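Read through the structure below, which is laid out as structure tokens, and then see the notes.
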Amino acid sequence: MALINEDSSPSVSPPPRLRSDKTVHSGADLDALYRVRFQNQEAYRKQVWSVLAKYFSRWIPSDSVVLDMGCGYCEFINQIRCSAKFAMDLDPEARKRASVDVHILEQDCSLAWPIPPKTLTTVFSSNFLEHLPTKSYVEQTLLQAHGALRIGGRLIAMGPNAKRIQGAYWDFFDHYVALTELSMKEILIKCGFEVEVCLKSFLPYSMSQGRTYPPWMLSVYLALPFLWPLSGKQFLVIAKRKGK
């Protein structure tokens, strides 16, 4: 689930399936958690994502084929301008929130994606990978993304940086894997990516707790990168798919 402030792939053995493990949340579990977490915030989140979609468009040309991985309520994929849209999430609410031009894939992201190899130009992920149950799931998910991306296609990932927020990382019940910009860089390289951008500090941590600020302030913040090390608690990593 997205939180804002929250073939040709290498061969690896897949992680064990944890269907009977009660810590792996079902779609219904996720829906129950997020209805409480994001209560009365939908209009605000949509405004914030409008600003962010405009910012990320510098890496996403209008003719792109984009998949939003862990799309949540589809705030990003509904608003990004591109030629074709896919969104993946276990939460059944995603299908209800998606625009008519978004193709929803309601599945475990670490299993085979029903997308032909080298189809996508962009895989976008916000505050999602930390919700996977193990690092093996993270790796397998990134390998799926690698296989679905065209050569030179980009994976854009942001999320809470465990070394910037420390114990607050575990304030959310469905956080499992602690990640930093460097651990993301390391696993992306292992999965066949070339890292272009690796920022320790990007956005503030959470929009589901604490004060909410007018969206215009986010626009100003994004235009002033020297502020990011002061307030940014989320990493931003952008990587290109290498290979043939």
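Each chain of the structure tokens is named A, B, ... in the order shown, its residues numbered from 1; ligands are numbered from 1 in display order.
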Backbone-only DSSP, alpha helix (DSSP H) members of stretch 7-239 of chain A, as a PyMOL selection string: chain A and resi 27-37+42-56+93-97+135-148+162-165+181-190+215-222+228-231
Those selected residues, please, written with C-alpha atoms and delivered as a PDB file, in the first residue's frame.
ATOM      1  CA  GLY A  27      -6.282  -8.411   0.887  1.00  0.00           C
ATOM      2  CA  ALA A  28      -9.052  -8.101   3.469  1.00  0.00           C
ATOM      3  CA  ASP A  29      -6.485  -7.566   6.245  1.00  0.00           C
ATOM      4  CA  LEU A  30      -4.844  -4.776   4.242  1.00  0.00           C
ATOM      5  CA  ASP A  31      -8.144  -3.112   3.526  1.00  0.00           C
ATOM      6  CA  ALA A  32      -9.017  -3.098   7.234  1.00  0.00           C
ATOM      7  CA  LEU A  33      -5.641  -1.612   8.195  1.00  0.00           C
ATOM      8  CA  TYR A  34      -5.683   1.100   5.568  1.00  0.00           C
ATOM      9  CA  ARG A  35      -9.271   2.180   6.132  1.00  0.00           C
ATOM     10  CA  VAL A  36      -8.231   3.148   9.674  1.00  0.00           C
ATOM     11  CA  ARG A  37      -4.796   4.509   8.743  1.00  0.00           C
ATOM     12  CA  GLU A  42      -8.374  10.715   0.591  1.00  0.00           C
ATOM     13  CA  ALA A  43      -8.890  14.201  -0.823  1.00  0.00           C
ATOM     14  CA  TYR A  44      -5.624  15.427   0.679  1.00  0.00           C
ATOM     15  CA  ARG A  45      -3.652  12.411  -0.571  1.00  0.00           C
ATOM     16  CA  LYS A  46      -5.001  12.928  -4.088  1.00  0.00           C
ATOM     17  CA  GLN A  47      -3.771  16.525  -4.058  1.00  0.00           C
ATOM     18  CA  VAL A  48      -0.348  15.483  -2.793  1.00  0.00           C
ATOM     19  CA  TRP A  49      -0.059  12.795  -5.459  1.00  0.00           C
ATOM     20  CA  SER A  50      -0.984  15.309  -8.143  1.00  0.00           C
ATOM     21  CA  VAL A  51       2.161  17.243  -7.206  1.00  0.00           C
ATOM     22  CA  LEU A  52       4.275  14.087  -7.033  1.00  0.00           C
ATOM     23  CA  ALA A  53       3.033  12.719 -10.355  1.00  0.00           C
ATOM     24  CA  LYS A  54       4.091  15.978 -11.989  1.00  0.00           C
ATOM     25  CA  TYR A  55       7.515  15.724 -10.328  1.00  0.00           C
ATOM     26  CA  PHE A  56       8.135  12.112 -11.356  1.00  0.00           C
ATOM     27  CA  GLU A  93      -9.970  -1.713  -2.816  1.00  0.00           C
ATOM     28  CA  ALA A  94      -7.433  -0.887  -5.540  1.00  0.00           C
ATOM     29  CA  ARG A  95      -9.772  -2.152  -8.240  1.00  0.00           C
ATOM     30  CA  LYS A  96     -12.552   0.105  -6.939  1.00  0.00           C
ATOM     31  CA  ARG A  97     -10.312   3.183  -6.875  1.00  0.00           C
ATOM     32  CA  LYS A 135      14.003 -10.008   1.915  1.00  0.00           C
ATOM     33  CA  SER A 136      13.572 -13.032  -0.354  1.00  0.00           C
ATOM     34  CA  TYR A 137      10.172 -11.663  -1.357  1.00  0.00           C
ATOM     35  CA  VAL A 138      11.753  -8.269  -2.066  1.00  0.00           C
ATOM     36  CA  GLU A 139      14.404  -9.843  -4.280  1.00  0.00           C
ATOM     37  CA  GLN A 140      11.935 -12.026  -6.159  1.00  0.00           C
ATOM     38  CA  THR A 141       9.681  -9.007  -6.709  1.00  0.00           C
ATOM     39  CA  LEU A 142      12.547  -6.961  -8.150  1.00  0.00           C
ATOM     40  CA  LEU A 143      13.435  -9.838 -10.460  1.00  0.00           C
ATOM     41  CA  GLN A 144       9.854  -9.875 -11.726  1.00  0.00           C
ATOM     42  CA  ALA A 145      10.114  -6.137 -12.382  1.00  0.00           C
ATOM     43  CA  HIS A 146      13.433  -6.623 -14.166  1.00  0.00           C
ATOM     44  CA  GLY A 147      11.962  -9.205 -16.505  1.00  0.00           C
ATOM     45  CA  ALA A 148       8.911  -7.078 -17.331  1.00  0.00           C
ATOM     46  CA  ALA A 162      15.313   2.684   8.276  1.00  0.00           C
ATOM     47  CA  LYS A 163      18.475   4.556   9.282  1.00  0.00           C
ATOM     48  CA  ARG A 164      16.730   7.933   9.118  1.00  0.00           C
ATOM     49  CA  ILE A 165      13.632   7.078  11.165  1.00  0.00           C
ATOM     50  CA  GLU A 181      18.960   3.559   0.067  1.00  0.00           C
ATOM     51  CA  LEU A 182      22.152   1.479   0.168  1.00  0.00           C
ATOM     52  CA  SER A 183      20.423  -1.855   0.728  1.00  0.00           C
ATOM     53  CA  MET A 184      18.092  -0.993  -2.152  1.00  0.00           C
ATOM     54  CA  LYS A 185      21.060  -0.131  -4.365  1.00  0.00           C
ATOM     55  CA  GLU A 186      22.778  -3.400  -3.476  1.00  0.00           C
ATOM     56  CA  ILE A 187      19.815  -5.668  -4.265  1.00  0.00           C
ATOM     57  CA  LEU A 188      18.957  -3.768  -7.458  1.00  0.00           C
ATOM     58  CA  ILE A 189      22.482  -4.285  -8.775  1.00  0.00           C
ATOM     59  CA  LYS A 190      22.243  -7.970  -7.865  1.00  0.00           C
ATOM     60  CA  PRO A 215       0.214  20.731  -1.351  1.00  0.00           C
ATOM     61  CA  TRP A 216       1.845  23.933  -2.620  1.00  0.00           C
ATOM     62  CA  MET A 217       4.413  23.548   0.155  1.00  0.00           C
ATOM     63  CA  LEU A 218       5.367  20.161  -1.288  1.00  0.00           C
ATOM     64  CA  SER A 219       5.963  21.812  -4.662  1.00  0.00           C
ATOM     65  CA  VAL A 220       8.296  24.312  -3.014  1.00  0.00           C
ATOM     66  CA  TYR A 221      10.040  21.554  -1.053  1.00  0.00           C
ATOM     67  CA  LEU A 222      10.670  19.485  -4.200  1.00  0.00           C
ATOM     68  CA  TRP A 228      15.806  17.298   1.705  1.00  0.00           C
ATOM     69  CA  PRO A 229      18.621  16.257   4.092  1.00  0.00           C
ATOM     70  CA  LEU A 230      16.894  18.279   6.841  1.00  0.00           C
ATOM     71  CA  SER A 231      13.399  16.795   6.540  1.00  0.00           C
TER      72      SER A 231
END
Would you pick out the contacts of A:Ser99 at 10 Å or less, using only C-alpha atoms, so that residues sharing its chain but fewer than 5 positions from it are not included, and give the list as number ranges by chain? A: 74-75, 77-79, 85, 94, 104
Quick one, how far is atom CA of A:Pro117 from atom CA of A:Phe76? 23.4 Å
Non-local contacts of A:Leu132 (9 Å; only C-alpha atoms; under 5 positions in same chain excluded) as a count of residues only: 7
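When only C-alpha atoms are used to measure the gap to A:Thr122, the shortest distance among A:Ser83, A:Asn161, A:Ser110, A:Gln234 belongs to A:Ser83.
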Name the residues in contact with A:Ile156 at a cut-off of 9 Å, using only C-alpha atoms, excluding same-chain residues fewer than 2 positions from it; report them as a list in words. Phe56, Trp59, Thr122, Val123, Phe124, Ser125, Ser126, Arg154, Met158, Leu236, Val237, Ile238, Ala239 and Lys240 of chain A
